[in-house]
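Structure file query.cif (mmCIF, C-alpha atoms (C1' of nucleotides)) follows.
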data_upload
#
loop_
_atom_site.label_atom_id
_atom_site.label_comp_id
_atom_site.auth_asym_id
_atom_site.auth_seq_id
_atom_site.Cartn_x
_atom_site.Cartn_y
_atom_site.Cartn_z
CA MET A 144 103.22 85.04 47.31
CA ALA A 145 105.90 82.51 48.13
CA LEU A 146 108.93 83.80 49.97
CA SER A 147 112.45 83.33 48.65
CA ASP A 148 114.98 81.51 50.83
CA LEU A 149 116.46 84.77 51.96
CA GLU A 150 113.09 86.22 52.85
CA ARG A 151 111.95 83.08 54.58
CA ASP A 152 115.01 82.94 56.82
CA PHE A 153 114.71 86.59 57.71
CA VAL A 154 111.05 86.21 58.48
CA MET A 155 111.58 83.12 60.58
CA HIS A 156 114.26 84.83 62.60
CA PHE A 157 111.92 87.70 63.36
CA GLY A 158 109.29 85.24 64.37
CA GLU A 159 111.64 83.67 66.89
CA MET A 160 112.89 86.98 68.18
CA GLY A 161 109.34 88.16 68.50
CA SER A 162 108.92 85.92 71.51
CA ARG A 163 111.94 87.45 73.22
CA TRP A 164 110.32 90.79 72.80
CA GLY A 165 106.80 90.28 73.87
CA ILE A 166 105.11 90.19 70.54
CA ALA A 167 103.58 87.00 69.23
CA ARG A 168 105.51 84.96 66.72
CA THR A 169 103.13 85.63 63.85
CA VAL A 170 103.08 89.34 64.57
CA GLY A 171 106.85 89.42 64.18
CA GLN A 172 106.62 87.45 60.98
CA ILE A 173 103.96 89.68 59.49
CA TYR A 174 106.08 92.68 60.27
CA ALA A 175 109.14 91.09 58.72
CA VAL A 176 107.36 90.26 55.48
CA LEU A 177 106.08 93.80 55.16
CA PHE A 178 109.47 95.21 56.02
CA LEU A 179 111.11 93.35 53.15
CA SER A 180 108.37 93.89 50.64
CA GLU A 181 108.96 96.39 47.90
CA ARG A 182 105.28 97.24 47.68
CA PRO A 183 102.35 97.19 50.09
CA LEU A 184 100.72 93.79 50.61
CA CYS A 185 97.17 92.75 51.26
CA ALA A 186 96.20 90.45 54.08
CA ASP A 187 95.81 87.46 51.79
CA ALA A 188 99.34 87.77 50.53
CA LEU A 189 100.45 87.51 54.17
CA VAL A 190 98.23 84.48 54.74
CA GLN A 191 99.88 82.81 51.76
CA ALA A 192 103.39 83.83 52.64
CA LEU A 193 103.13 82.63 56.23
CA GLY A 194 100.59 79.84 56.10
CA VAL A 195 98.56 81.10 59.06
CA SER A 196 94.88 81.78 59.36
CA ARG A 197 93.23 84.81 57.92
CA SER A 198 92.00 85.88 61.33
CA ASN A 199 95.43 85.64 62.82
CA VAL A 200 96.74 88.00 60.16
CA SER A 201 93.91 90.38 60.82
CA MET A 202 94.68 90.49 64.53
CA GLY A 203 98.40 90.77 63.93
CA LEU A 204 97.94 93.72 61.64
CA LYS A 205 95.71 95.35 64.16
CA GLU A 206 98.38 95.01 66.81
CA LEU A 207 101.07 96.36 64.50
CA GLU A 208 98.87 99.33 63.72
CA SER A 209 98.43 99.98 67.41
CA TRP A 210 102.22 100.14 67.62
CA ASN A 211 102.24 102.53 64.66
CA LEU A 212 104.57 100.15 62.91
CA VAL A 213 102.31 99.44 59.96
CA ARG A 214 100.09 101.70 57.86
CA ARG A 215 97.08 101.00 55.68
CA LYS A 216 97.39 101.99 52.06
CA HIS A 217 94.66 101.90 49.49
CA VAL A 218 95.46 100.71 46.02
CA ALA A 219 93.44 102.20 43.18
CA GLY A 220 91.01 99.78 41.60
CA ASP A 221 91.35 97.15 44.32
CA ARG A 222 88.85 96.78 47.08
CA ARG A 223 91.24 95.07 49.43
CA GLU A 224 93.29 96.93 51.99
CA TYR A 225 97.03 97.00 51.61
CA PHE A 226 99.64 97.38 54.32
CA GLU A 227 103.16 98.72 54.43
CA THR A 228 105.92 99.62 56.88
CA PRO A 229 107.55 103.04 56.83
CA GLU A 230 110.42 103.17 54.36
CA ASP A 231 112.73 105.03 56.72
CA ILE A 232 114.40 102.77 59.23
CA TRP A 233 115.16 105.65 61.58
CA GLN A 234 111.50 106.37 61.71
CA ILE A 235 110.83 102.75 62.55
CA VAL A 236 113.34 102.76 65.37
CA ARG A 237 112.01 105.99 66.79
CA THR A 238 108.51 104.57 66.79
CA LEU A 239 109.62 101.35 68.37
CA ILE A 240 111.41 103.12 71.17
CA ALA A 241 108.59 105.56 71.75
CA GLU A 242 106.07 102.74 71.97
CA ARG A 243 108.19 100.66 74.25
CA LYS A 244 108.67 103.63 76.51
CA LYS A 245 104.94 104.17 76.54
CA ARG A 246 104.21 100.56 77.44
CA GLU A 247 107.14 99.65 79.66
CA ILE A 248 108.39 102.81 81.29
CA ASP A 249 105.52 105.25 81.64
CA PRO A 250 103.24 102.99 83.67
CA THR A 251 106.09 102.17 86.03
CA LEU A 252 106.96 105.80 86.42
CA SER A 253 103.44 106.72 87.37
CA THR A 254 103.20 103.86 89.83
CA LEU A 255 106.46 104.92 91.42
CA ARG A 256 105.24 108.49 91.74
CA GLU A 257 102.03 107.34 93.30
CA LEU A 258 103.85 105.14 95.82
CA GLU A 259 106.25 107.92 96.64
CA LEU A 260 103.46 110.29 97.54
CA ARG A 261 102.21 108.03 100.29
CA THR A 262 103.43 108.77 103.78
CA PRO A 263 105.76 105.88 104.51
CA ALA A 264 104.68 103.68 107.43
CA GLU A 265 106.86 102.64 110.35
CA GLY A 266 109.54 100.43 108.78
CA ASP A 267 109.22 101.78 105.27
CA ALA A 268 111.89 104.43 105.30
CA HIS A 269 114.37 102.40 103.32
CA ALA A 270 111.88 101.08 100.79
CA HIS A 271 110.50 104.57 100.32
CA ALA A 272 113.95 106.00 99.69
CA ARG A 273 114.78 103.22 97.28
CA ILE A 274 111.61 103.84 95.31
CA ALA A 275 112.39 107.56 95.17
CA ALA A 276 115.89 106.86 93.93
CA LEU A 277 114.61 104.57 91.22
CA ARG A 278 112.03 107.10 90.13
CA GLU A 279 114.61 109.89 89.91
CA HIS A 280 116.88 107.67 88.00
CA ILE A 281 114.32 106.70 85.41
CA GLU A 282 113.23 110.29 85.03
CA GLY A 283 116.79 111.32 84.33
CA MET A 284 117.17 108.76 81.61
CA MET A 285 113.87 109.75 80.09
CA ARG A 286 114.92 113.40 79.96
CA PHE A 287 118.04 112.33 78.15
CA TYR A 288 116.03 110.20 75.75
CA GLU A 289 113.69 113.09 75.07
CA GLU A 290 116.64 115.30 74.27
CA LEU A 291 117.93 112.82 71.74
CA ASP A 292 114.48 112.33 70.34
CA ARG A 293 114.21 116.05 69.61
CA LEU A 294 117.12 115.90 67.25
CA GLU A 295 116.43 115.65 63.56
CA THR A 296 117.28 112.32 62.05
CA LYS A 297 120.22 113.76 60.18
CA SER A 298 121.65 115.07 63.43
CA LEU A 299 121.17 111.79 65.17
CA VAL A 300 122.93 110.01 62.36
CA ARG A 301 125.79 112.44 62.64
CA LEU A 302 125.90 112.08 66.40
CA MET A 303 126.11 108.31 66.10
CA LYS A 304 128.57 108.45 63.24
CA MET A 305 130.80 110.74 65.26
CA GLY A 306 130.97 107.95 67.73
CA ARG A 307 134.21 108.72 69.43
CA SER A 308 133.42 112.35 69.89
CA ILE A 309 131.24 111.70 72.86
CA SER A 310 134.18 110.26 74.63
CA HIS A 311 136.27 113.08 73.18
CA LEU A 312 134.40 115.11 75.71
CA ALA A 313 136.21 112.79 78.06
CA THR A 314 139.68 112.61 76.54
CA ALA A 315 140.10 116.03 74.96
CA PRO A 316 142.32 118.62 76.70
CA GLY A 317 139.57 120.38 78.65
CA ARG A 318 137.69 117.18 79.30
CA ILE A 319 134.66 117.03 81.49
CA LEU A 320 133.68 113.39 81.27
CA PRO A 321 136.07 110.79 82.72
CA LEU A 322 135.98 107.30 81.20
CA ARG A 323 135.41 104.36 83.42
CA ASN A 324 137.58 101.35 83.96
CA LYS A 325 137.28 98.34 81.70
CA GLY A 326 135.85 95.92 84.27
CA ALA A 327 132.27 94.58 84.24
CA MET B 49 108.82 88.23 106.33
CA ALA B 50 105.53 89.94 105.59
CA LEU B 51 105.62 92.88 103.24
CA SER B 52 104.32 96.30 104.18
CA ASP B 53 101.59 97.85 102.05
CA LEU B 54 104.11 99.98 100.23
CA GLU B 55 106.35 97.05 99.53
CA ARG B 56 103.50 94.84 98.46
CA ASP B 57 102.21 97.34 95.93
CA PHE B 58 105.65 97.93 94.52
CA VAL B 59 106.28 94.21 94.25
CA MET B 60 102.93 93.54 92.62
CA HIS B 61 103.52 96.24 90.07
CA PHE B 62 106.83 94.69 89.14
CA GLY B 63 105.15 91.35 88.84
CA GLU B 64 102.67 92.75 86.35
CA MET B 65 105.29 94.65 84.41
CA GLY B 66 107.43 91.55 84.32
CA SER B 67 105.06 90.05 81.80
CA ARG B 68 105.41 93.06 79.51
CA TRP B 69 109.13 92.52 79.57
CA GLY B 70 109.55 88.85 79.01
CA ILE B 71 110.35 87.76 82.49
CA ALA B 72 107.93 85.64 84.47
CA ARG B 73 105.75 87.32 87.03
CA THR B 74 107.42 85.69 90.00
CA VAL B 75 110.85 86.56 88.71
CA GLY B 76 109.88 90.20 88.64
CA GLN B 77 108.46 89.96 92.12
CA ILE B 78 111.53 88.29 93.54
CA TYR B 79 113.65 90.99 92.07
CA ALA B 80 111.43 93.71 93.46
CA VAL B 81 111.56 92.30 96.98
CA LEU B 82 115.34 92.10 96.88
CA PHE B 83 115.57 95.57 95.43
CA LEU B 84 113.67 97.06 98.33
CA SER B 85 115.30 95.01 101.03
CA GLU B 86 117.81 96.70 103.25
CA ARG B 87 119.72 93.46 103.77
CA PRO B 88 120.27 90.30 101.74
CA LEU B 89 117.45 87.74 101.96
CA CYS B 90 117.45 83.96 101.91
CA ALA B 91 115.20 81.96 99.64
CA ASP B 92 112.76 81.14 102.40
CA ALA B 93 112.17 84.78 103.17
CA LEU B 94 111.15 85.18 99.54
CA VAL B 95 108.86 82.16 99.72
CA GLN B 96 107.15 83.74 102.70
CA ALA B 97 106.97 87.21 101.26
CA LEU B 98 105.48 86.07 97.96
CA GLY B 99 103.59 82.91 98.80
CA VAL B 100 105.04 80.88 95.96
CA SER B 101 106.73 77.51 96.00
CA ARG B 102 110.27 77.03 97.12
CA SER B 103 111.26 75.61 93.74
CA ASN B 104 109.80 78.56 91.92
CA VAL B 105 111.96 80.87 94.00
CA SER B 106 114.98 78.75 93.30
CA MET B 107 114.43 78.92 89.56
CA GLY B 108 113.66 82.60 89.67
CA LEU B 109 116.88 83.34 91.51
CA LYS B 110 118.77 81.26 89.02
CA GLU B 111 117.34 83.29 86.18
CA LEU B 112 118.11 86.57 87.91
CA GLU B 113 121.65 85.42 88.46
CA SER B 114 121.97 84.59 84.77
CA TRP B 115 120.99 88.20 84.11
CA ASN B 116 123.59 89.34 86.63
CA LEU B 117 120.87 91.19 88.46
CA VAL B 118 121.22 89.29 91.71
CA ARG B 119 124.26 88.14 93.66
CA ARG B 120 124.74 85.46 96.26
CA LYS B 121 126.03 86.62 99.58
CA HIS B 122 127.09 84.38 102.44
CA VAL B 123 126.16 85.38 105.93
CA ALA B 124 128.57 84.33 108.70
CA GLY B 125 127.17 81.60 110.93
CA ASP B 126 124.27 80.76 108.64
CA ARG B 127 124.30 77.88 106.28
CA ARG B 128 121.65 79.31 104.02
CA GLU B 129 122.47 81.33 100.96
CA TYR B 130 121.49 84.97 100.89
CA PHE B 131 120.74 87.09 97.87
CA GLU B 132 120.95 90.79 97.13
CA THR B 133 120.70 93.27 94.28
CA PRO B 134 123.48 95.76 93.61
CA GLU B 135 123.05 98.92 95.65
CA ASP B 136 123.87 101.24 92.78
CA ILE B 137 120.92 101.80 90.49
CA TRP B 138 123.16 102.94 87.65
CA GLN B 139 124.89 99.63 87.84
CA ILE B 140 121.56 97.87 87.66
CA VAL B 141 120.49 99.81 84.61
CA ARG B 142 123.79 99.22 82.86
CA THR B 143 123.46 95.51 83.50
CA LEU B 144 119.88 95.43 82.33
CA ILE B 145 120.70 97.19 79.10
CA ALA B 146 123.77 95.06 78.47
CA GLU B 147 121.81 91.88 78.99
CA ARG B 148 118.92 92.98 76.85
CA LYS B 149 121.35 93.88 74.10
CA LYS B 150 122.93 90.46 74.41
CA ARG B 151 119.61 88.67 74.19
CA GLU B 152 117.63 90.84 71.81
CA ILE B 153 120.10 92.63 69.57
CA ASP B 154 123.19 90.51 69.18
CA PRO B 155 121.47 87.41 67.82
CA THR B 156 119.61 89.51 65.29
CA LEU B 157 122.76 91.27 64.26
CA SER B 158 124.54 88.03 63.59
CA THR B 159 121.61 86.61 61.65
CA LEU B 160 121.48 89.75 59.54
CA ARG B 161 125.18 89.53 58.82
CA GLU B 162 124.85 85.92 57.85
CA LEU B 163 121.94 86.64 55.50
CA GLU B 164 123.76 89.55 53.98
CA LEU B 165 126.74 87.41 53.06
CA ARG B 166 124.63 85.17 50.86
CA THR B 167 124.59 85.97 47.20
CA PRO B 168 121.07 87.25 46.64
CA ALA B 169 118.96 85.18 44.25
CA GLU B 170 117.01 86.53 41.29
CA GLY B 171 114.29 88.67 42.87
CA ASP B 172 116.09 89.29 46.14
CA ALA B 173 117.81 92.56 45.38
CA HIS B 174 115.39 94.67 47.35
CA ALA B 175 115.17 92.34 50.33
CA HIS B 176 118.94 92.07 50.41
CA ALA B 177 119.34 95.85 50.39
CA ARG B 178 116.74 96.25 53.09
CA ILE B 179 118.50 93.72 55.29
CA ALA B 180 121.81 95.50 54.76
CA ALA B 181 120.28 98.84 55.65
CA LEU B 182 118.79 97.42 58.82
CA ARG B 183 122.08 95.84 59.80
CA GLU B 184 124.00 99.06 59.27
CA HIS B 185 121.46 100.92 61.22
CA ILE B 186 121.59 98.65 64.21
CA GLU B 187 125.37 98.65 64.14
CA GLY B 188 125.37 102.42 64.25
CA MET B 189 123.16 102.49 67.28
CA MET B 190 125.25 99.88 69.00
CA ARG B 191 128.41 101.88 68.44
CA PHE B 192 126.70 104.84 70.02
CA TYR B 193 125.55 102.74 72.94
CA GLU B 194 129.05 101.41 73.42
CA GLU B 195 130.39 104.94 73.52
CA LEU B 196 127.96 105.89 76.22
CA ASP B 197 128.66 102.69 78.08
CA ARG B 198 132.35 103.57 78.25
CA LEU B 199 131.65 106.64 80.24
CA GLU B 200 132.06 106.50 83.95
CA THR B 201 128.85 106.65 85.88
CA LYS B 202 129.60 110.14 87.13
CA SER B 203 130.02 111.33 83.55
CA LEU B 204 126.81 109.71 82.45
CA VAL B 205 124.97 111.33 85.28
CA ARG B 206 126.40 114.66 84.31
CA LEU B 207 125.57 114.08 80.66
CA MET B 208 121.98 113.30 81.53
CA LYS B 209 121.74 116.16 84.02
CA MET B 210 123.04 118.56 81.39
CA GLY B 211 120.00 117.60 79.44
CA ARG B 212 119.58 120.60 77.23
CA SER B 213 123.23 120.75 76.32
CA ILE B 214 122.87 118.04 73.75
CA SER B 215 120.44 120.17 71.91
CA HIS B 216 122.68 123.14 72.64
CA LEU B 217 124.88 121.52 70.08
CA ALA B 218 121.88 122.19 67.91
CA THR B 219 120.86 125.68 69.00
CA ALA B 220 124.19 127.27 69.94
CA PRO B 221 125.79 129.78 67.52
CA GLY B 222 128.03 127.33 65.68
CA ARG B 223 125.44 124.58 65.80
CA ILE B 224 125.97 121.33 64.05
CA LEU B 225 122.83 119.45 64.95
CA PRO B 226 119.50 120.79 63.66
CA LEU B 227 116.39 120.02 65.69
CA ARG B 228 113.49 118.35 64.05
CA ASN B 229 109.91 119.53 63.77
CA LYS B 230 107.44 118.80 66.49
CA GLY B 231 105.27 116.29 64.53
CA ALA B 232 105.03 112.55 65.27
"C1'" DA C 1286 67.53 96.63 49.12
"C1'" DT C 1287 70.46 92.58 47.50
"C1'" DG C 1288 74.50 90.02 46.46
"C1'" DT C 1289 79.39 89.70 46.51
"C1'" DC C 1290 83.68 90.42 48.28
"C1'" DT C 1291 86.41 91.65 52.22
"C1'" DT C 1292 87.55 92.43 57.08
"C1'" DT C 1293 86.75 91.85 62.03
"C1'" DT C 1294 85.31 89.50 66.11
"C1'" DC C 1295 85.19 85.94 69.29
"C1'" DA C 1296 84.65 81.36 71.64
"C1'" DG C 1297 87.12 77.72 72.22
"C1'" DA C 1298 91.33 74.56 70.52
"C1'" DA C 1299 96.19 74.26 70.49
"C1'" DA C 1300 100.55 75.59 72.00
"C1'" DT C 1301 103.50 77.59 75.17
"C1'" DT C 1302 104.98 79.21 79.54
"C1'" DT C 1303 104.98 79.19 84.40
"C1'" DC C 1304 104.60 76.95 88.68
"C1'" DT C 1305 104.47 73.04 91.97
"C1'" DG C 1306 105.58 68.91 94.75
"C1'" DA C 1307 108.38 65.17 95.11
"C1'" DA C 1308 112.72 63.30 94.55
"C1'" DA C 1309 117.67 63.95 93.95
"C1'" DC C 1310 121.55 66.24 95.19
"C1'" DT C 1311 125.18 68.90 98.20
"C1'" DC C 1312 127.93 69.41 101.85
"C1'" DA C 1313 129.25 70.68 106.67
"C1'" DT C 1314 129.04 68.31 110.97
"C1'" DG C 1315 128.73 64.59 114.59
"C1'" DC D 900 130.21 57.85 106.60
"C1'" DA D 901 125.46 58.80 108.19
"C1'" DT D 902 122.61 62.74 109.23
"C1'" DG D 903 120.05 66.55 108.21
"C1'" DA D 904 119.53 71.39 106.78
"C1'" DG D 905 119.48 73.50 102.68
"C1'" DT D 906 119.29 73.69 97.49
"C1'" DT D 907 118.34 72.20 92.74
"C1'" DT D 908 116.06 69.56 89.23
"C1'" DC D 909 112.35 67.93 86.68
"C1'" DA D 910 107.94 65.80 85.13
"C1'" DG D 911 103.66 67.04 84.84
"C1'" DA D 912 99.63 70.36 86.54
"C1'" DA D 913 97.87 74.91 86.07
"C1'" DA D 914 97.65 79.19 83.90
"C1'" DT D 915 98.32 82.05 80.13
"C1'" DT D 916 98.91 83.21 75.42
"C1'" DT D 917 98.34 82.44 70.67
"C1'" DC D 918 95.84 80.76 66.87
"C1'" DT D 919 91.82 79.03 64.28
"C1'" DG D 920 87.23 78.48 62.06
"C1'" DA D 921 82.85 80.06 61.92
"C1'" DA D 922 79.91 83.66 62.10
"C1'" DA D 923 79.01 88.68 62.18
"C1'" DA D 924 79.80 93.07 60.34
"C1'" DG D 925 81.24 96.40 56.56
"C1'" DA D 926 81.64 98.19 52.10
"C1'" DC D 927 80.49 98.83 47.67
"C1'" DA D 928 78.28 98.09 43.08
"C1'" DT D 929 74.02 97.18 40.92
#

What's the structure tokens form of this structure?
Amino acid sequence: MALSDLERDFVMHFGEMGSRWGIARTVGQIYAVLFLSERPLCADALVQALGVSRSNVSMGLKELESWNLVRRKHVAGDRREYFETPEDIWQIVRTLIAERKKREIDPTLSTLRELELRTPAEGDAHAHARIAALREHIEGMMRFYEELDRLETKSLVRLMKMGRSISHLATAPGRILPLRNKGA
Amino acid sequence: MALSDLERDFVMHFGEMGSRWGIARTVGQIYAVLFLSERPLCADALVQALGVSRSNVSMGLKELESWNLVRRKHVAGDRREYFETPEDIWQIVRTLIAERKKREIDPTLSTLRELELRTPAEGDAHAHARIAALREHIEGMMRFYEELDRLETKSLVRLMKMGRSISHLATAPGRILPLRNKGA
DNA sequence: ATGTCTTTTCAGAAATTTCTGAAACTCATG
DNA sequence: CATGAGTTTCAGAAATTTCTGAAAAGACAT
């Protein structure tokens, strides 16, 4: 399982970007190889393709499974386990966003709620208000996200394709949504 | 500059979460202190509040400035520099998203474009197609994001408050956007 | 049960990131 | 132009994260 030039460059890029995300380099690379592969791959193929240890691949796959980004697939007449990414890129993006929300937003939201419930001490009025504002704000965005997430993929595609029409709400005759100025 | 219990817990939480994001713990903490503070703070106040080295604060502030999340503010009759976060949480969120896009999405997009321009070698047809699909996909989402980003804050707020009305597009009589099934 | 093939776990090695203290720099003021 | 309060830089120390090799655990056929 040697990678072509194209594959190698793609995989290396995902390795680098991995660090900017918060996933280990190899985890990004494993994902990238699976993403490009036409068929499911077994762990050894990944070891060969990436030149990392078998155990590292095992742990990476485990992490990717915990993100629901990789599935196990059994191949008839082969004892080894095979792995694949979902075909549908929309599905991948949905999963990614859902998982990031779960890991990055939800814990913060519950901390904020907890802090907000406390009776603020003497000088805490401002901090307390600021925390409440932040919490409300995040909740609002999450409601919006959940609305979008309810839409079928086809609808989402259409919504994004429409593009302009969101701001048509702003520019059309009976507009409700003013645009903002260019700056910043 | 000692922190109250409320402040301390908030700040600590942001420190922890910082790691899940890709910003150093102290950077998250510095930001959190400034976010809660009613008035701009000088670097030494942060040193005291957090118990970290002066140089660490200096570097953290520099990083936060590079993210446009913190501004310098001069206080009359004081030689020290003061720092503050924008008051408006919407502004903060916009900045955060814009910066994350710049750091996490844009470089990937340009790599993908570059890879796509290459003439695919022998066995690369599938990988090439997959890369193209990913690129298109990301571009679509970015166009959508840019549309939303054009809206004035007030409009965004309204859009998010409306909540349901996005899916009204789906459920209303002349609906265009079907909802998807509960699963996943 | 036993042997073979495969995957997982885990302690510590290696690599990377974060943080510190000391030195260098900046700049308004005497 | 020397002083000193304040800030930044940077080399290396400390902490954290990632990766490896060896050993344990599973799974399946015989």

### Task
Excluding stretch 906-916 of chain D and residues on its chain fewer than 3 positions from it, collect all residues at most 8 Å away from it, counting all atoms listed in the file, and give them as an NGL selection string.
(:B and (103 or 106)) or (:C and (1301-1305 or 1309-1311))

### Task
Using all atoms listed in the file, find the residues of chain B whose closest atom to chain D is at most 10 Å away, then write them as a list in words.
Ala91, Arg102, Ser103, Ser106, Met107, Lys110, Arg127, Arg128 and Glu129 of chain B

### Task
Could you state which residues are captured by the PyMOL selection byres ((chain C) within 12 of (chain A)) in this file, as a count of residues only?
10

### Message
Taking all atoms listed in the file into account, find every residue of chain A that has an atom no more than 8 Å from chain B, and write it out as an MDAnalysis selection string.
### Response
chainID A and resid 147 149:150 152:153 156 160 163:165 178:181 232:233 246:247 251 254:255 258 263 267 269:271 273:274 276:277 280 283:284 286:287 290:291 293:299 301 303:304 306:307 309:310 313 319:325

### Query
At what distance in Å, to one decimal, does atom CA of B:Ile145 lie from atom CA of B:Val75?
17.4 Å

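Across the structure, atom CA of A:Ile173 and atom CA of A:Leu193 are spaced 7.8 Å apart.
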
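The coordinates place atom CA of A:Leu207 at 7.5 Å from atom CA of A:Tyr174.
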
Fix up stretch 182-202 of chain B with N, CA and C atoms, then write it as a PDB file, in the coordinates of the input.
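Okay, part-v5.pdb is ready:
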ATOM      1  N   LEU B 182     119.160  97.654  57.428  1.00  0.00           N
ATOM      2  CA  LEU B 182     118.790  97.420  58.820  1.00  0.00           C
ATOM      3  C   LEU B 182     120.028  97.085  59.648  1.00  0.00           C
ATOM      4  N   ARG B 183     120.867  96.231  59.090  1.00  0.00           N
ATOM      5  CA  ARG B 183     122.080  95.840  59.800  1.00  0.00           C
ATOM      6  C   ARG B 183     122.955  97.055  60.088  1.00  0.00           C
ATOM      7  N   GLU B 184     123.175  97.865  59.073  1.00  0.00           N
ATOM      8  CA  GLU B 184     124.000  99.060  59.270  1.00  0.00           C
ATOM      9  C   GLU B 184     123.426  99.952  60.361  1.00  0.00           C
ATOM     10  N   HIS B 185     122.143 100.084  60.293  1.00  0.00           N
ATOM     11  CA  HIS B 185     121.460 100.920  61.220  1.00  0.00           C
ATOM     12  C   HIS B 185     121.654 100.466  62.668  1.00  0.00           C
ATOM     13  N   ILE B 186     121.447  99.194  62.861  1.00  0.00           N
ATOM     14  CA  ILE B 186     121.590  98.650  64.210  1.00  0.00           C
ATOM     15  C   ILE B 186     123.035  98.781  64.670  1.00  0.00           C
ATOM     16  N   GLU B 187     123.950  98.513  63.771  1.00  0.00           N
ATOM     17  CA  GLU B 187     125.370  98.650  64.140  1.00  0.00           C
ATOM     18  C   GLU B 187     125.679 100.072  64.591  1.00  0.00           C
ATOM     19  N   GLY B 188     125.141 101.030  63.877  1.00  0.00           N
ATOM     20  CA  GLY B 188     125.370 102.420  64.250  1.00  0.00           C
ATOM     21  C   GLY B 188     124.893 102.705  65.660  1.00  0.00           C
ATOM     22  N   MET B 189     123.701 102.248  65.943  1.00  0.00           N
ATOM     23  CA  MET B 189     123.160 102.490  67.280  1.00  0.00           C
ATOM     24  C   MET B 189     123.986 101.794  68.349  1.00  0.00           C
ATOM     25  N   MET B 190     124.463 100.620  68.013  1.00  0.00           N
ATOM     26  CA  MET B 190     125.250  99.880  69.000  1.00  0.00           C
ATOM     27  C   MET B 190     126.583 100.562  69.260  1.00  0.00           C
ATOM     28  N   ARG B 191     127.169 101.135  68.213  1.00  0.00           N
ATOM     29  CA  ARG B 191     128.410 101.880  68.440  1.00  0.00           C
ATOM     30  C   ARG B 191     128.156 103.041  69.384  1.00  0.00           C
ATOM     31  N   PHE B 192     127.052 103.708  69.160  1.00  0.00           N
ATOM     32  CA  PHE B 192     126.700 104.840  70.020  1.00  0.00           C
ATOM     33  C   PHE B 192     126.512 104.371  71.463  1.00  0.00           C
ATOM     34  N   TYR B 193     125.755 103.294  71.597  1.00  0.00           N
ATOM     35  CA  TYR B 193     125.550 102.740  72.940  1.00  0.00           C
ATOM     36  C   TYR B 193     126.877 102.397  73.599  1.00  0.00           C
ATOM     37  N   GLU B 194     127.775 101.795  72.814  1.00  0.00           N
ATOM     38  CA  GLU B 194     129.050 101.410  73.420  1.00  0.00           C
ATOM     39  C   GLU B 194     129.852 102.629  73.868  1.00  0.00           C
ATOM     40  N   GLU B 195     129.739 103.699  73.106  1.00  0.00           N
ATOM     41  CA  GLU B 195     130.390 104.940  73.520  1.00  0.00           C
ATOM     42  C   GLU B 195     129.857 105.396  74.883  1.00  0.00           C
ATOM     43  N   LEU B 196     128.554 105.434  74.968  1.00  0.00           N
ATOM     44  CA  LEU B 196     127.960 105.890  76.220  1.00  0.00           C
ATOM     45  C   LEU B 196     128.352 104.953  77.358  1.00  0.00           C
ATOM     46  N   ASP B 197     128.389 103.664  77.040  1.00  0.00           N
ATOM     47  CA  ASP B 197     128.660 102.690  78.080  1.00  0.00           C
ATOM     48  C   ASP B 197     130.092 102.810  78.608  1.00  0.00           C
ATOM     49  N   ARG B 198     130.964 103.395  77.788  1.00  0.00           N
ATOM     50  CA  ARG B 198     132.350 103.570  78.250  1.00  0.00           C
ATOM     51  C   ARG B 198     132.481 104.641  79.293  1.00  0.00           C
ATOM     52  N   LEU B 199     131.547 105.542  79.295  1.00  0.00           N
ATOM     53  CA  LEU B 199     131.650 106.640  80.240  1.00  0.00           C
ATOM     54  C   LEU B 199     131.489 106.149  81.670  1.00  0.00           C
ATOM     55  N   GLU B 200     132.235 106.760  82.530  1.00  0.00           N
ATOM     56  CA  GLU B 200     132.060 106.500  83.950  1.00  0.00           C
ATOM     57  C   GLU B 200     130.660 106.921  84.381  1.00  0.00           C
ATOM     58  N   THR B 201     130.198 106.317  85.425  1.00  0.00           N
ATOM     59  CA  THR B 201     128.850 106.650  85.880  1.00  0.00           C
ATOM     60  C   THR B 201     128.694 108.145  86.134  1.00  0.00           C
ATOM     61  N   LYS B 202     129.697 108.705  86.812  1.00  0.00           N
ATOM     62  CA  LYS B 202     129.600 110.140  87.130  1.00  0.00           C
ATOM     63  C   LYS B 202     129.406 110.967  85.857  1.00  0.00           C
TER      64      LYS B 202
END
